[in-house]
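**Student:** The structure follows.
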Amino acid sequence: MNADREALLPLGEDGRGSALTLYELNNLVSETIALELSQEYWVEAELSEAREVRGHCYMELVQKEEGTNTPIARASAKCWKNKWMLLGPHFMRITRQQLHAGMKVLLKVYANFHEAYGFSWIVTDINPEYTMGDMARRRQEIIRQLKAEGIFDMQRELTLPLFLQRVAVVSSATAAGYGDFCNQLADNEYGFRFTTRLFPAIMQGEQVEESIIEALDAINGETEQFDAVVIIRGGGATADLSGFDSLRLAENVAQFPLPIITGIGHERDESIIDMVSHTRVKTPTAAAAFLIDHLHQVLMRIERAEERTATLVGRRMDYERLRLVRLAEKLPVLFSLVKTRQGANIDRLAQRIPPALTAQMTNLRHRIDLLSQRLAPLPLRCMAVENHRLDLLAQRVEALNPERLLRRGYSITTLNGHAVKAASQIHDGDIIETRLAEGKITATVTQIHNSPMSTTDSSK
């Protein structure tokens with residue numbers, strides 16, 4: 001190795017001199033690392049990628065600046081198949097999760113530099129307790145934040161509708177659990193009818209959070225069409241539950257306006273959205289059983305209410321029937337009392353009627369006498385007034401009598417029965433009649449002028 005180091009000399013001005021090939025240089029680095037970093041080290045890091053290829057596990061490690069997502073260190077790590085066959089199952093058994101991006105791990109590694117593939121850390125051990133502690137810390141931090149926001153128990157404050165039959169389902173369309181859920185609802189022993197509508201979502205992997213939130217947003221746009229939401233995960237590895245421990249997803253579930261029922265894990269697993277949901281059950285079939293049982297409990301309440309109503313009505317009818325019997329028994333006695341009282345009242349009234357009638361008649365006779373006395377002089381006064389009025393009218397008529405004018409020497413000339421007042425009314429040949437106080441003159445008009453008229457006298 002010293003010889004190789006001595007061979008690494010500065011180049012001349014012409015660019016030539018003693019130089020190493022790339023392989024020799026990489027081999028020098030490999031030997032240096034092997035000598036200087038011969039120990040194994042425990043390292044804390046976050047996985048930005050983890051994948052299995054032909055039984056080997058390849059990881060990309062990253063360290064981020066505290067309080068930000070800015071990486072300040074990166075490295076590749078590998079766990080060879082012979083080690084990963086032991087470490088992988090052990091890690092999943094303890095943490096119930098597979099290695100995935102975003103997970104913090106504590107790895108035991110040694111440095112390795114391969115001439116062809118470059119530098120990487122070789123993993124010889126993984127501490128699952130460290131990851132469990134980090135996961136627990138993250139879960140507790142999410143729970144603390146949800147409680148600080150006052151939304152941790154919001155779902156449990158909602159009331160399940162009595163007739164919960166319209167169900168929005170968030171699940172994978174191809175999941176066996178979804179089919180089991182629908183079949184159990186359809187074939188329930190009570191014959192209840194449920195209507196379900198699937199809002200497809202990815203239920204495992206890194207897209208769980210975004211996919212379920214999109215489904216919830218779609219349901220939220222038509223909440224009046226549903227009574228509750230069921231989030232079910234049909235099977236899958238327990239390790240895939242990490243997607244349900246998301247703060248953003250938990251906030252959406254906790255603040256959703258409809259009750260949410262979750263059946264996404266196994267009996268011993270509880271995700272954060274299980275904690276904030278209205279009701280948590282174990283599996284999709286348990287969710288279906290919960291809905292059926294809820295409706296059955298409502299039916300039982302209705303049947304008990306019907307029984308109580310029938311009992312109360314029966315008792316009331318018995319009571320009213322007994323009361324009617326008692327009233328019927330009392331009626332003859334009550335009728336006799338009423339008859340006696342009313343008979344006495346009638347007798348008293350009969351005794352009071354004759355004196356009352358006599359008094360009324362006396363009053364009426366007295367009023368008639370008074371009216372008669374007031375009416376007697378009225379006709380005489382009316383007749384005197386009218387006679388005087390007639391005398392005045394007679395005097396006026398007499399004053400207007402034409403006979404008086406005739407006796408004073410005036411005459412009245414008429415033409416065809418009408419008095420002649422002007423010469424223009426008469427024409428030649430007209431026959432006029434002049435009335436005098438004694439007799440009348442009939443004449444034929446021969447000439448009309450302003451001087452005394454010439455007439456043919458035909459008076460008698």
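Labels used: A, B, ... for chains in the order of the structure tokens, numbers from 1 for residues in each chain, and numbers from 1 for ligands as shown.
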If you run DSSP on the backbone, which residues of segment 102-291 of chain A are helix (DSSP H, G or I), as a ChimeraX atom specification?
**Tutor:** /A:128-148,155-157,176-186,208-220,223-225,238-244,247-254,272-276,284-291
**Student:** What lies within 12 Å of Glu52 of chain A using only C-alpha atoms, ignoring chain neighbours under 2 positions off, as a list of chain:residue names?
**Tutor:**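 Contacts, with the query itself left out: A:Glu49, A:Ala50, A:Arg54, A:Gly55, A:His56, A:Cys57, A:Tyr58, A:Met59, A:Lys78, A:Cys79, A:Trp80, A:Lys81, A:Trp84, A:Met85, A:Gly88, A:Gln98, A:Leu99, A:His100.
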**Student:** Extract the full set of strand (DSSP E or B) residues from segment 96-140 of chain A according to DSSP on the backbone, and format it as a list in words.
**Tutor:** Lys104, Val105, Leu106, Leu107, Lys108, Val109, Tyr110, Ala111, Asn112, Phe113, His114, Gly118, Phe119, Ser120, Trp121, Ile122, Val123, Thr124, Asp125 and Ile126 of chain A
**Student:** Quick one: pull the distance between atom CA of Ser30 of chain A and atom CA of Asn112 of chain A, Å, one decimal.
**Tutor:**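 Going from atom CA of Ser30 of chain A over to atom CA of Asn112 of chain A covers 7.1 Å.
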**Student:** Out of A:Gly314, A:Pro332, A:Gly179, A:Gly243, which residue has the shortest atom-to-atom distance to Val208 of chain A when counting only C-alpha atoms?
**Tutor:** A:Gly243
**Student:** Give me the residues within 7 Å of segment 244-246 of chain A as a PyMOL selection string, counting only C-alpha atoms and dropping any in the same chain fewer than 6 places off.
**Tutor:** chain A and resi 139+209+271-273
**Student:** Give me, as a list of chain:residue names, all polymer residues having an atom no more than 7 Å from Pro128 of chain A, counting only C-alpha atoms and skipping those fewer than 4 positions away in the same chain.
**Tutor:**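 Contacts, with the query itself left out: A:Phe91, A:Ile94, A:Thr95, A:Met132.
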**Student:** May I ask for the distance between atom CA of Met203 of chain A and atom CA of Val170 of chain A, given in Å to one decimal place?
**Tutor:**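 Separating atom CA of Met203 of chain A from atom CA of Val170 of chain A is a distance of 9.0 Å.
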**Student:** Please provide as a ChimeraX atom specification all residues within 9 Å of Tyr41 of chain A, with the sequence filter that same-chain residues fewer than 5 positions apart are discarded (counting only C-alpha atoms).
**Tutor:** /A:107-111
**Student:** For those residues, write all heavy atoms to a file as a short mmCIF file (atom, residue, chain, number, x, y, z; two decimals), in the first residue's frame.
**Tutor:**
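Output saved as selection08.cif:
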```cif
data_model
loop_
_atom_site.label_atom_id
_atom_site.label_comp_id
_atom_site.auth_asym_id
_atom_site.auth_seq_id
_atom_site.Cartn_x
_atom_site.Cartn_y
_atom_site.Cartn_z
N LEU A 107 -29.02 1.45 12.85
CA LEU A 107 -28.37 0.37 12.11
C LEU A 107 -26.95 0.16 12.62
O LEU A 107 -26.26 1.12 12.98
CB LEU A 107 -28.32 0.71 10.61
CG LEU A 107 -29.64 1.09 9.93
CD1 LEU A 107 -29.38 1.50 8.50
CD2 LEU A 107 -30.63 -0.06 10.00
N LYS A 108 -26.53 -1.10 12.59
CA LYS A 108 -25.13 -1.42 12.86
C LYS A 108 -24.47 -1.67 11.51
O LYS A 108 -24.93 -2.52 10.73
CB LYS A 108 -25.02 -2.66 13.74
CG LYS A 108 -23.62 -2.89 14.27
CD LYS A 108 -23.61 -4.07 15.26
CE LYS A 108 -22.24 -4.22 15.90
NZ LYS A 108 -22.22 -5.34 16.86
N VAL A 109 -23.44 -0.88 11.21
CA VAL A 109 -22.87 -0.92 9.86
C VAL A 109 -21.34 -0.94 9.93
O VAL A 109 -20.75 -0.59 10.95
CB VAL A 109 -23.33 0.31 9.04
CG1 VAL A 109 -24.84 0.32 8.88
CG2 VAL A 109 -22.85 1.61 9.70
N TYR A 110 -20.77 -1.37 8.81
CA TYR A 110 -19.34 -1.17 8.62
C TYR A 110 -19.14 -0.59 7.22
O TYR A 110 -19.98 -0.76 6.33
CB TYR A 110 -18.54 -2.47 8.83
CG TYR A 110 -18.80 -3.55 7.81
CD1 TYR A 110 -18.12 -3.58 6.59
CD2 TYR A 110 -19.71 -4.57 8.09
CE1 TYR A 110 -18.35 -4.58 5.67
CE2 TYR A 110 -19.96 -5.57 7.17
CZ TYR A 110 -19.27 -5.58 5.96
OH TYR A 110 -19.50 -6.57 5.04
N ALA A 111 -18.03 0.10 7.04
CA ALA A 111 -17.77 0.78 5.78
C ALA A 111 -17.29 -0.20 4.73
O ALA A 111 -16.53 -1.14 5.03
CB ALA A 111 -16.74 1.88 5.99
#
```
**Student:** Name the closest residue to Ile151 of chain A among the candidates A:Ile292, A:Ala286, A:Leu370, A:Ala254; distances are taken between atoms, counting only C-alpha atoms.
**Tutor:** A:Ala254
